[in-house]
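Asks: Dropping in final_22.txt, which is compact mmCIF, C-alpha atoms and all ligand atoms:
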```
# COMPACT_ATOMS: atom_id res chain seq x y z
CA MET H 287 -2.26 14.59 36.25
CA ASN H 288 0.28 12.62 34.28
CA PRO H 289 -1.22 9.30 33.13
CA SER H 290 1.28 6.68 32.06
CA VAL H 291 0.99 5.43 28.51
CA ALA H 292 -0.23 1.84 28.12
CA LYS H 293 2.45 -0.84 27.83
CA ARG H 294 1.07 -1.90 24.45
CA LEU H 295 2.20 1.42 22.97
CA GLN H 296 5.78 1.07 24.15
CA HIS H 297 7.03 -0.54 20.92
CA THR H 298 5.02 1.81 18.74
CA SER H 299 6.25 5.20 17.70
CA GLU H 300 4.32 7.79 15.77
CA TYR H 301 3.91 6.75 12.12
CA TYR H 302 6.97 7.83 10.09
CA PHE H 303 4.96 9.91 7.62
CA SER H 304 3.07 11.62 10.40
CA ARG H 305 6.42 12.83 11.81
CA LYS H 306 8.02 13.59 8.45
CA LEU H 307 5.06 15.55 7.14
CA ARG H 308 5.34 17.75 10.23
CA GLU H 309 9.00 18.43 9.42
CA ILE H 310 8.12 19.16 5.79
CA ASP H 311 5.41 21.54 6.99
CA THR H 312 7.92 23.37 9.16
CA LEU H 313 10.37 23.65 6.25
CA LYS H 314 7.56 25.01 4.06
CA LYS H 315 6.67 27.59 6.70
CA GLN H 316 10.31 28.67 6.61
CA GLY H 317 9.80 29.34 2.90
CA LYS H 318 11.31 26.15 1.44
CA PRO H 319 9.39 25.08 -1.69
CA ILE H 320 9.46 21.37 -0.83
CA ILE H 321 8.33 18.90 -3.48
CA ASN H 322 6.95 15.88 -1.66
CA LEU H 323 7.51 12.64 -3.59
CA GLY H 324 6.91 10.60 -0.46
CA ILE H 325 3.38 9.54 0.13
CA GLY H 326 1.16 7.39 -2.10
CA SER H 327 -2.04 9.37 -2.00
CA PRO H 328 -3.54 9.76 -5.51
CA ASP H 329 -3.67 13.42 -6.54
CA GLN H 330 -6.51 12.98 -9.06
CA PRO H 331 -10.24 12.88 -8.20
CA PRO H 332 -12.52 9.86 -8.53
CA HIS H 333 -14.64 9.50 -11.67
CA GLU H 334 -17.15 12.37 -12.00
CA SER H 335 -20.10 9.96 -11.83
CA VAL H 336 -18.85 8.80 -8.43
CA ILE H 337 -18.67 12.34 -7.08
CA ARG H 338 -22.13 13.05 -8.47
CA ALA H 339 -23.48 9.91 -6.78
CA LEU H 340 -22.06 11.12 -3.46
CA GLN H 341 -23.62 14.56 -3.91
CA ASP H 342 -27.01 13.17 -4.93
CA ARG H 343 -27.13 10.60 -2.14
CA ALA H 344 -25.99 13.12 0.46
CA ALA H 345 -28.87 15.40 -0.59
CA GLU H 346 -31.42 12.71 0.28
CA PRO H 347 -32.78 13.36 3.78
CA GLY H 348 -33.07 9.68 4.69
CA ASN H 349 -29.39 8.87 4.20
CA HIS H 350 -27.82 10.32 7.33
CA ALA H 351 -28.51 7.74 10.01
CA TYR H 352 -26.16 5.18 11.56
CA GLN H 353 -25.55 2.33 9.17
CA SER H 354 -25.35 -1.41 9.43
CA TYR H 355 -22.07 -2.68 10.91
CA LYS H 356 -21.62 -5.08 8.03
CA GLY H 357 -22.02 -2.48 5.27
CA ALA H 358 -24.83 -1.58 2.88
CA PRO H 359 -26.10 -4.48 0.72
CA ALA H 360 -25.46 -2.40 -2.42
CA LEU H 361 -21.78 -1.99 -1.53
CA ARG H 362 -21.30 -5.67 -0.66
CA GLN H 363 -23.01 -6.62 -3.95
CA ALA H 364 -20.76 -4.23 -5.86
CA PHE H 365 -17.61 -5.68 -4.24
CA ALA H 366 -18.83 -9.18 -5.14
CA GLY H 367 -19.41 -8.13 -8.76
CA TRP H 368 -15.95 -6.51 -8.92
CA TYR H 369 -14.23 -9.62 -7.53
CA GLN H 370 -16.06 -11.81 -10.01
CA LYS H 371 -15.42 -9.57 -13.03
CA TYR H 372 -11.75 -8.70 -12.50
CA TYR H 373 -10.35 -11.50 -10.34
CA GLY H 374 -12.63 -14.42 -11.29
CA VAL H 375 -13.41 -14.97 -7.59
CA ASP H 376 -16.88 -15.74 -6.24
CA LEU H 377 -17.60 -14.17 -2.87
CA ASP H 378 -21.00 -14.33 -1.20
CA PRO H 379 -21.97 -10.66 -0.69
CA GLU H 380 -23.97 -11.61 2.38
CA THR H 381 -21.26 -13.43 4.34
CA GLU H 382 -17.89 -13.35 2.58
CA ILE H 383 -17.39 -9.59 2.19
CA LEU H 384 -16.95 -7.10 5.00
CA PRO H 385 -16.65 -3.42 3.96
CA LEU H 386 -14.08 -1.43 5.92
CA ILE H 387 -13.24 2.18 6.63
CA GLY H 388 -10.07 1.80 4.52
CA SER H 389 -8.01 -1.37 4.43
CA LYS H 390 -5.56 0.02 7.00
CA GLU H 391 -8.16 -0.43 9.74
CA GLY H 392 -8.68 -4.00 8.52
CA ILE H 393 -5.04 -4.78 9.33
CA MET H 394 -5.66 -3.74 12.91
CA HIS H 395 -9.03 -5.52 13.10
CA ILE H 396 -7.58 -8.81 11.86
CA CYS H 397 -4.74 -8.58 14.38
CA MET H 398 -7.08 -7.71 17.26
CA THR H 399 -9.44 -10.53 16.31
CA PHE H 400 -6.97 -13.38 15.98
CA LEU H 401 -3.81 -12.59 17.96
CA ASP H 402 -2.98 -13.16 21.58
CA GLU H 403 0.04 -12.00 23.51
CA GLY H 404 3.02 -14.18 22.61
CA ASP H 405 1.64 -15.39 19.26
CA GLU H 406 4.10 -14.98 16.42
CA VAL H 407 3.34 -13.32 13.11
CA LEU H 408 5.38 -13.41 9.89
CA VAL H 409 5.82 -9.89 8.49
CA PRO H 410 7.66 -8.88 5.32
CA ASN H 411 10.97 -7.03 5.48
CA PRO H 412 10.68 -4.68 3.66
CA GLY H 413 6.94 -4.16 3.98
CA TYR H 414 4.12 -1.79 4.87
CA PRO H 415 4.96 -0.61 8.43
CA THR H 416 1.37 -0.95 9.65
CA TYR H 417 1.60 -4.79 9.70
CA ARG H 418 4.34 -4.53 12.30
CA SER H 419 2.71 -1.88 14.46
CA ALA H 420 -0.70 -3.58 14.43
CA VAL H 421 0.85 -6.89 15.47
CA GLN H 422 2.83 -5.20 18.25
CA LEU H 423 -0.21 -3.35 19.56
CA THR H 424 -1.86 -6.72 20.22
CA GLY H 425 1.12 -7.96 22.23
CA ALA H 426 2.00 -10.55 19.60
CA VAL H 427 5.54 -10.85 18.26
CA CYS H 428 6.72 -10.03 14.73
CA VAL H 429 9.00 -12.53 13.01
CA ASP H 430 10.49 -10.84 9.96
CA TYR H 431 10.75 -12.78 6.73
CA ASP H 432 13.31 -11.53 4.26
CA LEU H 433 12.44 -10.20 0.85
CA ARG H 434 15.46 -9.62 -1.35
CA GLU H 435 16.03 -8.23 -4.78
CA GLU H 436 17.87 -11.36 -5.96
CA ASN H 437 14.77 -13.42 -5.13
CA GLY H 438 12.37 -11.08 -6.95
CA TRP H 439 11.26 -9.76 -3.53
CA LEU H 440 9.42 -13.04 -2.88
CA PRO H 441 9.80 -14.95 0.39
CA ASP H 442 11.93 -18.08 0.39
CA LEU H 443 9.24 -20.48 1.58
CA LYS H 444 11.67 -23.42 1.85
CA ALA H 445 13.92 -21.48 4.21
CA LEU H 446 10.87 -20.36 6.19
CA ALA H 447 9.60 -23.92 6.48
CA ALA H 448 12.95 -24.90 8.02
CA GLN H 449 12.36 -22.41 10.88
CA ASP H 450 10.39 -23.20 14.02
CA LEU H 451 6.92 -22.03 13.01
CA SER H 452 5.06 -23.67 15.87
CA ARG H 453 4.04 -20.34 17.44
CA VAL H 454 3.30 -18.57 14.14
CA LYS H 455 -0.41 -17.91 13.84
CA LEU H 456 -0.63 -15.42 11.01
CA MET H 457 1.40 -14.22 7.99
CA TRP H 458 1.09 -10.87 6.20
CA VAL H 459 1.71 -10.88 2.44
CA ASN H 460 1.19 -8.15 -0.12
CA TYR H 461 1.52 -8.46 -3.93
CA PRO H 462 1.90 -6.27 -5.91
CA HIS H 463 4.30 -5.51 -3.13
CA MET H 464 4.73 -2.14 -1.51
CA PRO H 465 7.39 -0.70 -1.48
CA THR H 466 9.27 -2.77 -4.10
CA GLY H 467 6.56 -2.97 -6.79
CA ALA H 468 7.21 -6.72 -7.17
CA ARG H 469 4.44 -9.00 -8.37
CA ALA H 470 3.69 -12.62 -7.48
CA ASP H 471 2.26 -14.93 -10.13
CA LYS H 472 -0.56 -17.40 -9.65
CA SER H 473 1.76 -20.31 -9.04
CA PHE H 474 3.47 -18.43 -6.22
CA PHE H 475 0.10 -17.62 -4.68
CA ALA H 476 -0.67 -21.36 -4.83
CA GLU H 477 2.64 -22.11 -3.06
CA LEU H 478 1.75 -19.60 -0.36
CA VAL H 479 -1.64 -21.21 0.19
CA ALA H 480 -0.02 -24.66 0.44
CA PHE H 481 2.57 -23.29 2.89
CA ALA H 482 -0.15 -21.73 5.06
CA ARG H 483 -2.19 -24.93 5.03
CA GLU H 484 0.79 -27.09 5.93
CA HIS H 485 1.84 -24.89 8.85
CA ASP H 486 -1.65 -23.99 10.03
CA ILE H 487 -1.09 -20.27 9.47
CA LEU H 488 -3.78 -17.70 8.67
CA LEU H 489 -2.58 -16.04 5.48
CA CYS H 490 -3.57 -12.37 5.19
CA HIS H 491 -3.10 -10.91 1.75
CA ASP H 492 -3.17 -7.12 1.42
CA ASN H 493 -4.05 -6.26 -2.17
CA PRO H 494 -4.55 -2.50 -2.67
CA TYR H 495 -2.26 -2.09 -5.72
CA SER H 496 -3.49 -4.77 -8.11
CA PHE H 497 -4.99 -2.29 -10.59
CA ILE H 498 -2.03 0.09 -10.77
CA LEU H 499 0.51 -0.44 -13.55
CA ASN H 500 -0.39 -4.11 -13.58
CA GLU H 501 -1.72 -5.83 -16.69
CA GLN H 502 -3.38 -8.67 -14.82
CA PRO H 503 -4.98 -7.84 -11.48
CA ALA H 504 -4.90 -10.98 -9.34
CA SER H 505 -6.47 -12.11 -6.09
CA LEU H 506 -4.91 -14.69 -3.82
CA LEU H 507 -8.46 -15.95 -3.23
CA ALA H 508 -8.49 -17.21 -6.83
CA VAL H 509 -6.25 -20.10 -5.75
CA GLU H 510 -8.29 -23.24 -5.21
CA GLY H 511 -8.88 -23.80 -1.52
CA ALA H 512 -7.47 -20.37 -0.59
CA LYS H 513 -10.56 -19.43 1.38
CA ASP H 514 -9.76 -22.22 3.86
CA VAL H 515 -6.59 -20.47 4.99
CA ALA H 516 -6.60 -16.90 3.67
CA LEU H 517 -8.25 -13.53 4.04
CA GLU H 518 -7.75 -10.73 1.53
CA LEU H 519 -7.89 -6.99 2.08
CA ASN H 520 -8.71 -4.66 -0.79
CA SER H 521 -9.24 -0.95 -1.16
CA LEU H 522 -10.58 1.80 -3.41
CA SER H 523 -7.89 4.23 -2.23
CA LYS H 524 -5.49 3.67 -5.12
CA SER H 525 -7.62 1.93 -7.75
CA HIS H 526 -10.32 4.64 -7.74
CA ASN H 527 -8.51 7.75 -6.43
CA MET H 528 -10.52 7.56 -3.24
CA ALA H 529 -7.86 7.46 -0.51
CA GLY H 530 -9.58 10.13 1.59
CA TRP H 531 -12.96 8.44 1.34
CA ARG H 532 -11.72 5.49 3.41
CA ILE H 533 -13.34 2.58 1.58
CA GLY H 534 -11.93 -0.92 1.76
CA MET H 535 -12.99 -4.49 2.39
CA ILE H 536 -12.02 -7.92 3.64
CA GLY H 537 -12.99 -10.95 1.61
CA GLY H 538 -12.89 -14.50 2.87
CA ARG H 539 -14.51 -17.29 4.83
CA SER H 540 -17.77 -16.33 6.50
CA ASP H 541 -16.93 -17.66 9.97
CA LEU H 542 -13.63 -15.73 10.01
CA LEU H 543 -15.34 -12.54 8.88
CA ALA H 544 -18.00 -12.99 11.55
CA GLU H 545 -15.23 -12.94 14.17
CA VAL H 546 -13.68 -9.80 12.65
CA LEU H 547 -17.12 -8.19 12.76
CA ARG H 548 -17.39 -9.11 16.45
CA PHE H 549 -14.37 -6.88 17.06
CA LYS H 550 -15.11 -4.19 14.47
CA SER H 551 -18.72 -3.65 15.54
CA ASN H 552 -17.37 -2.52 18.91
CA MET H 553 -15.09 0.04 17.22
CA ASP H 554 -17.20 2.00 14.74
CA SER H 555 -20.84 2.54 13.91
CA GLY H 556 -20.88 1.91 10.18
CA MET H 557 -19.99 4.11 7.21
CA PHE H 558 -21.85 7.12 5.86
CA LEU H 559 -24.41 5.65 3.43
CA PRO H 560 -23.80 8.13 0.55
CA LEU H 561 -20.09 7.16 0.64
CA GLN H 562 -21.00 3.50 0.42
CA LEU H 563 -23.41 4.04 -2.46
CA ALA H 564 -20.94 6.18 -4.38
CA ALA H 565 -18.25 3.54 -3.77
CA ALA H 566 -20.62 0.96 -5.26
CA LYS H 567 -20.84 3.20 -8.33
CA ALA H 568 -17.03 3.34 -8.54
CA LEU H 569 -16.80 -0.44 -8.43
CA GLY H 570 -19.07 -0.60 -11.48
CA LEU H 571 -16.80 1.54 -13.68
CA ASP H 572 -15.63 -0.18 -16.83
CA GLU H 573 -12.10 -1.03 -18.00
CA GLN H 574 -11.61 2.41 -19.54
CA TRP H 575 -11.32 3.91 -16.03
CA TYR H 576 -8.33 1.71 -15.19
CA ARG H 577 -6.82 2.20 -18.66
CA SER H 578 -6.74 5.98 -18.41
CA LEU H 579 -5.48 5.86 -14.83
CA ASN H 580 -2.60 3.66 -15.90
CA GLU H 581 -1.75 5.75 -18.96
CA MET H 582 -1.29 8.68 -16.61
CA TYR H 583 0.89 6.73 -14.17
CA ALA H 584 2.97 5.26 -17.00
CA ALA H 585 3.79 8.76 -18.29
CA ARG H 586 4.75 9.90 -14.81
CA ARG H 587 6.87 6.82 -14.32
CA THR H 588 8.95 7.70 -17.37
CA GLN H 589 9.65 11.05 -15.75
CA ALA H 590 10.50 9.34 -12.45
CA TYR H 591 13.05 7.19 -14.31
CA ALA H 592 14.72 10.39 -15.58
CA LEU H 593 14.92 11.68 -12.01
CA LEU H 594 16.48 8.43 -10.79
CA ASP H 595 18.94 8.37 -13.71
CA ASN H 596 20.18 11.74 -12.55
CA LEU H 597 20.91 10.18 -9.16
CA ASP H 598 22.60 7.09 -10.66
CA CYS H 599 20.02 4.89 -8.97
CA CYS H 600 19.19 1.40 -10.34
CA TYR H 601 15.61 0.23 -10.71
CA ASP H 602 13.51 -2.49 -12.29
CA LYS H 603 11.22 -1.24 -15.04
CA GLY H 604 8.65 -3.99 -14.43
CA GLN H 605 7.27 -2.65 -11.16
CA SER H 606 3.56 -2.37 -10.32
CA GLY H 607 1.89 0.06 -7.94
CA LEU H 608 2.09 3.76 -7.26
CA PHE H 609 5.86 4.03 -6.72
CA VAL H 610 9.26 3.45 -8.22
CA TRP H 611 11.64 1.62 -5.91
CA ALA H 612 15.32 2.15 -6.63
CA ARG H 613 18.71 1.14 -5.26
CA VAL H 614 20.92 4.07 -4.28
CA PRO H 615 24.48 4.30 -5.64
CA GLU H 616 27.24 2.95 -3.43
CA HIS H 617 28.76 6.29 -2.53
CA TYR H 618 25.74 6.95 -0.30
CA ALA H 619 25.73 5.19 3.10
CA ASP H 620 22.08 4.25 2.53
CA GLY H 621 18.70 5.53 1.35
CA TYR H 622 18.38 7.79 4.40
CA ALA H 623 21.56 9.62 3.39
CA LEU H 624 20.31 10.23 -0.12
CA SER H 625 16.83 11.21 1.12
CA ASP H 626 18.34 13.74 3.54
CA GLU H 627 20.62 15.18 0.88
CA LEU H 628 17.69 15.64 -1.49
CA LEU H 629 15.52 17.22 1.18
CA TYR H 630 18.07 19.65 2.57
CA GLN H 631 19.89 20.53 -0.65
CA ALA H 632 17.27 20.26 -3.39
CA ASP H 633 14.00 20.69 -1.43
CA VAL H 634 12.78 17.33 -2.71
CA PHE H 635 11.48 14.66 -0.37
CA VAL H 636 11.73 10.98 -1.32
CA THR H 637 11.07 8.12 1.08
CA PRO H 638 14.10 6.28 2.46
CA GLY H 639 13.59 2.55 1.91
CA GLY H 640 14.79 1.71 5.43
CA ILE H 641 11.49 2.82 6.96
CA PHE H 642 9.98 -0.34 5.46
CA GLY H 643 12.54 -2.60 7.18
CA THR H 644 16.28 -3.18 7.18
CA ASN H 645 16.23 -4.95 3.80
CA GLY H 646 15.13 -1.63 2.34
CA ASN H 647 18.09 0.32 3.71
CA ASP H 648 19.88 0.70 0.39
CA TYR H 649 16.82 1.94 -1.48
CA ILE H 650 14.56 4.93 -1.93
CA ARG H 651 10.92 5.07 -3.02
CA ILE H 652 9.46 7.71 -5.30
CA SER H 653 5.72 8.30 -5.45
CA LEU H 654 3.92 8.75 -8.77
CA CYS H 655 1.13 10.72 -7.11
CA CYS H 656 2.08 14.07 -8.59
CA PRO H 657 1.96 15.55 -12.10
CA SER H 658 4.83 14.86 -14.55
CA GLU H 659 5.69 18.57 -14.39
CA THR H 660 6.39 18.26 -10.67
CA LEU H 661 8.65 15.27 -11.26
CA GLN H 662 10.34 17.28 -14.00
CA GLU H 663 10.88 20.22 -11.66
CA ALA H 664 12.31 17.87 -9.01
CA THR H 665 14.69 16.46 -11.63
CA ARG H 666 15.77 19.97 -12.61
CA ARG H 667 16.51 20.88 -8.99
CA ILE H 668 18.51 17.70 -8.50
CA ARG H 669 20.63 18.48 -11.57
CA GLU H 670 21.13 22.04 -10.42
CA LYS H 671 21.74 21.55 -6.69
CA LEU H 672 23.34 18.13 -6.48
CA HIS H 673 25.39 18.07 -9.66
CA GLN H 674 26.63 21.62 -9.90
CA GLY H 675 29.03 21.67 -12.81
CA SER H 676 28.66 17.98 -13.69
CA PRO H 677 27.13 17.09 -17.05
CA ASP H 678 23.42 16.47 -17.13
CA LYS H 679 22.50 12.81 -17.73
CA ASN H 680 19.97 13.55 -20.43
CA ASP H 681 22.22 16.02 -22.24
CA HIS H 682 24.96 13.48 -21.99
CA GLN H 683 22.78 10.74 -23.50
CA GLN H 684 21.57 13.08 -26.21
CA LYS H 685 25.15 13.96 -27.11
CA GLU H 686 26.02 10.29 -27.39
CA VAL H 687 23.13 9.58 -29.78
C1 LIG F 701 0.49 -1.94 1.30
C2 LIG F 701 -0.60 -1.06 1.79
N1 LIG F 701 -1.64 -1.63 2.41
C3 LIG F 701 -2.66 -0.89 2.88
C4 LIG F 701 -2.67 0.48 2.73
C5 LIG F 701 -3.82 1.25 3.31
O1 LIG F 701 -4.71 1.63 2.36
P1 LIG F 701 -6.15 2.20 2.73
O2 LIG F 701 -6.20 3.58 2.21
O3 LIG F 701 -7.14 1.27 2.06
O4 LIG F 701 -6.32 2.15 4.22
C6 LIG F 701 -1.62 1.11 2.09
C7 LIG F 701 -1.61 2.58 1.97
O5 LIG F 701 -0.70 3.23 1.58
C8 LIG F 701 -0.55 0.32 1.60
O6 LIG F 701 0.49 0.88 0.97
```
Take the structure from the file and write it as structure tokens.
Replies:
Amino acid sequence: MNPSVAKRLQHTSEYYFSRKLREIDTLKKQGKPIINLGIGSPDQPPHESVIRALQDRAAEPGNHAYQSYKGAPALRQAFAGWYQKYYGVDLDPETEILPLIGSKEGIMHICMTFLDEGDEVLVPNPGYPTYRSAVQLTGAVCVDYDLREENGWLPDLKALAAQDLSRVKLMWVNYPHMPTGARADKSFFAELVAFAREHDILLCHDNPYSFILNEQPASLLAVEGAKDVALELNSLSKSHNMAGWRIGMIGGRSDLLAEVLRFKSNMDSGMFLPLQLAAAKALGLDEQWYRSLNEMYAARRTQAYALLDNLDCCYDKGQSGLFVWARVPEHYADGYALSDELLYQADVFVTPGGIFGTNGNDYIRISLCCPSETLQEATRRIREKLHQGSPDKNDHQQKEV
């Protein structure tokens, strides 16, 4: 038997990292000591009290049944408290918060709930590839909007408004932005909300990086009237080192969330209760948790700068999120060329920016999800393998001083 694959999958290839990690695995099996600076999965554990909560709750015999489709009340309450404390946003835990099995599934759920074949959706270029694939899986059509360095990686809303937006039903936005690390301020969020209202577009803000290397975590829902036109996804993956736990949420208008639940409740059967209760514990951690997380990432980032200096890459030092995004020097055709050279000559993998869209072609992205020593070792290899005989950047700078 040879069943044909559904038409909806024809535009969708296997996720880039799924393929690349297989190649890296093969190289490792051949004995190559690859350092992977690609993926943004935090390498540190959650707070010890969170792990203890999971252990204790898992040991209780009554906690192993199917759970409510809309999440445990304790988790919804904890999300509401977190949104109020850190973003100044009031969300009704009963109706305006829907816990998710990671925010990635929320992207798919929102698309499946609101999009029909032929609808158009604005997606960022560059941007998180899942927006594009989720839209395409529904049969809707992606309309790229450009993000460019010279515009601070923000969309040009005036230029967009001049386009025919009559078929656009939904727009994906994400600040702090992945992969560029750009932030949007409150006034830009307000402009986005006004744009969405004027053009009758459902604005979907994906907000998993707001606590990482960012002094002022912000929610788009803090803009007055935002709930009329916007939904926001959030996640504990990055902010609480819980990527593998798969805990996220959607916040927004109750009637919209009820429709998402209509779809989602046909997909899964709730989340393991001990995970939900431990996640609630994580959401109650105080500011010190975020402070120590960010001290660690800031130290790693300094080391990542040294690596990029050795490659003559240019980068903005004001980026937020788990990565450093950098422009490759002109003697490389693009970020893919540099990424390949690093992988095959120095056993170091960095993500080529082009996988996030054509506007990322001239860039690479380095993850901060590894110890400083690993970044240091990657830098050493780059000096040794890529610059044989040429003076080391740091030595050079030290000599100048
Ligand atoms: C921009 C962006 N949105 C969403 C996600 C998914 O996060 P989660 O682990 O909550 O599914 C990621 C993960 O890397 C991401 O980079």
Asks: Please measure the separation of atom CA of Cys599 of chain H and atom C6 of ligand LIG 701 (chain F), giving the value in Å to one decimal.
Replies: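 Separation between atom CA of Cys599 of chain H and atom C6 of ligand LIG 701 (chain F): 24.6 Å.
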Asks: Closest to ligand LIG 701 (chain F) among H:Lys293, H:Arg667, H:Arg418, H:Lys315, using only C-alpha atoms and all ligand atoms?
Replies: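 Closest residue, counting only C-alpha atoms and all ligand atoms: H:Arg418.
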Asks: Hey, which residues sit close to ligand LIG 701 (chain F)? Say within 7 Å, counting all atoms listed in the file, and write them as a ChimeraX atom specification.
Replies: /H:326,388-391,414,460,463-464,492-494,520-523,529,532-534
Asks: Calculate how many Å separate atom CA of Ala565 of chain H from atom CA of Arg343 of chain H, rounding to one decimal.
Replies: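 Between atom CA of Ala565 of chain H and atom CA of Arg343 of chain H the gap works out to 11.5 Å.
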Asks: Output as CSV one row per residue of segment 474-556 of chain H within 9 Å of segment 392-406 of chain H: the closest atom pair and its distance in Å to one decimal place, counting only C-alpha atoms, sorted by chain and residue number ascending.
Replies:
```
residue,atom,partner,partner_atom,distance
H:Cys490,CA,H:Ile396,CA,8.6
H:Asp492,CA,H:Ile393,CA,8.5
H:Leu519,CA,H:Gly392,CA,7.1
H:Gly534,CA,H:Gly392,CA,8.1
H:Met535,CA,H:Gly392,CA,7.5
H:Ile536,CA,H:Gly392,CA,7.1
H:Glu545,CA,H:Thr399,CA,6.6
H:Val546,CA,H:Thr399,CA,5.6
H:Leu547,CA,H:His395,CA,8.5
H:Arg548,CA,H:Thr399,CA,8.1
H:Phe549,CA,H:Thr399,CA,6.2
H:Lys550,CA,H:His395,CA,6.4
```
Asks: Could the residues of segment 461-560 of chain H that have an atom at most 10 Å from segment 640-660 of chain H be listed as CSV, each with its closest atom pair and the distance in Å to one decimal, counting only C-alpha atoms and ordered by chain and ascending residue number?
Replies:
```
residue,atom,partner,partner_atom,distance
H:Met464,CA,H:Phe642,CA,8.9
H:Pro465,CA,H:Arg651,CA,6.9
H:Thr466,CA,H:Arg651,CA,8.1
H:Gly467,CA,H:Arg651,CA,9.9
H:Lys524,CA,H:Cys655,CA,9.9
```
Asks: When you look at Ser551 of chain H with a cut-off of 9 Å (counting all atoms listed in the file), what residues show up, excluding the ones that are within fewer than 5 positions of it in the same chain? I need them as a PyMOL selection string.
Replies: chain H and resi 355-356+546+556
Asks: Under the rule that all atoms listed in the file are counted, which of H:Glu501, H:Glu573, H:Glu670, H:Glu309 is the nearest residue to Pro462 of chain H?
Replies: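 Among the listed residues, the smallest separation from Pro462 of chain H belongs to H:Glu501.
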Asks: Looking at H:Pro379, H:Pro319, H:Gly570, H:Pro412, which one is nearest to Arg434 of chain H, with distances taken over all atoms listed in the file?
Replies: H:Pro412
Asks: For the atom pair atom CA of Arg338 of chain H and atom CA of Ser496 of chain H, what is the interatomic distance in Å to one decimal place?
Replies: 25.8 Å
Asks: So which residues are close to (-13.1, 12.7, -0.6), meaning at most 10 Å away in the file's coordinates with all atoms listed in the file counted, and can you show them as a PDB file with C-alpha atoms, in the frame of the given file?
Replies:
```
ATOM      1  CA  PRO H 331     -10.240  12.880  -8.200  1.00  0.00           C
ATOM      2  CA  PRO H 332     -12.520   9.860  -8.530  1.00  0.00           C
ATOM      3  CA  ILE H 337     -18.670  12.340  -7.080  1.00  0.00           C
ATOM      4  CA  LEU H 340     -22.060  11.120  -3.460  1.00  0.00           C
ATOM      5  CA  ASN H 527      -8.510   7.750  -6.430  1.00  0.00           C
ATOM      6  CA  MET H 528     -10.520   7.560  -3.240  1.00  0.00           C
ATOM      7  CA  ALA H 529      -7.860   7.460  -0.510  1.00  0.00           C
ATOM      8  CA  GLY H 530      -9.580  10.130   1.590  1.00  0.00           C
ATOM      9  CA  TRP H 531     -12.960   8.440   1.340  1.00  0.00           C
ATOM     10  CA  ARG H 532     -11.720   5.490   3.410  1.00  0.00           C
ATOM     11  CA  LEU H 561     -20.090   7.160   0.640  1.00  0.00           C
TER      12      LEU H 561
END
```
Asks: Using only C-alpha atoms, tabulate the residues of segment 375-460 of chain H lying at most 12 Å from any atom of segment 474-482 of chain H, each with its closest atom pair and that distance in Å to one decimal, by chain and increasing residue number, as CSV.
Replies:
```
residue,atom,partner,partner_atom,distance
H:Leu408,CA,H:Ala482,CA,11.1
H:Gly438,CA,H:Phe474,CA,11.6
H:Trp439,CA,H:Phe474,CA,12.0
H:Leu440,CA,H:Phe474,CA,8.7
H:Pro441,CA,H:Leu478,CA,9.3
H:Asp442,CA,H:Leu478,CA,10.3
H:Leu443,CA,H:Phe481,CA,7.4
H:Lys444,CA,H:Phe481,CA,9.2
H:Ala445,CA,H:Phe481,CA,11.6
H:Leu446,CA,H:Phe481,CA,9.4
H:Ala447,CA,H:Phe481,CA,7.9
H:Ala448,CA,H:Phe481,CA,11.7
H:Leu451,CA,H:Ala482,CA,10.6
H:Val454,CA,H:Ala482,CA,10.2
H:Lys455,CA,H:Ala482,CA,9.6
H:Leu456,CA,H:Ala482,CA,8.7
H:Met457,CA,H:Ala482,CA,8.2
H:Trp458,CA,H:Leu478,CA,10.9
H:Val459,CA,H:Leu478,CA,9.2
H:Asn460,CA,H:Phe475,CA,10.6
```
Asks: Just checking: using all atoms listed in the file, which residue out of H:Leu489, H:Arg469, H:Asp329, H:Pro359 ends up closest to Val407 of chain H?
Replies: H:Leu489
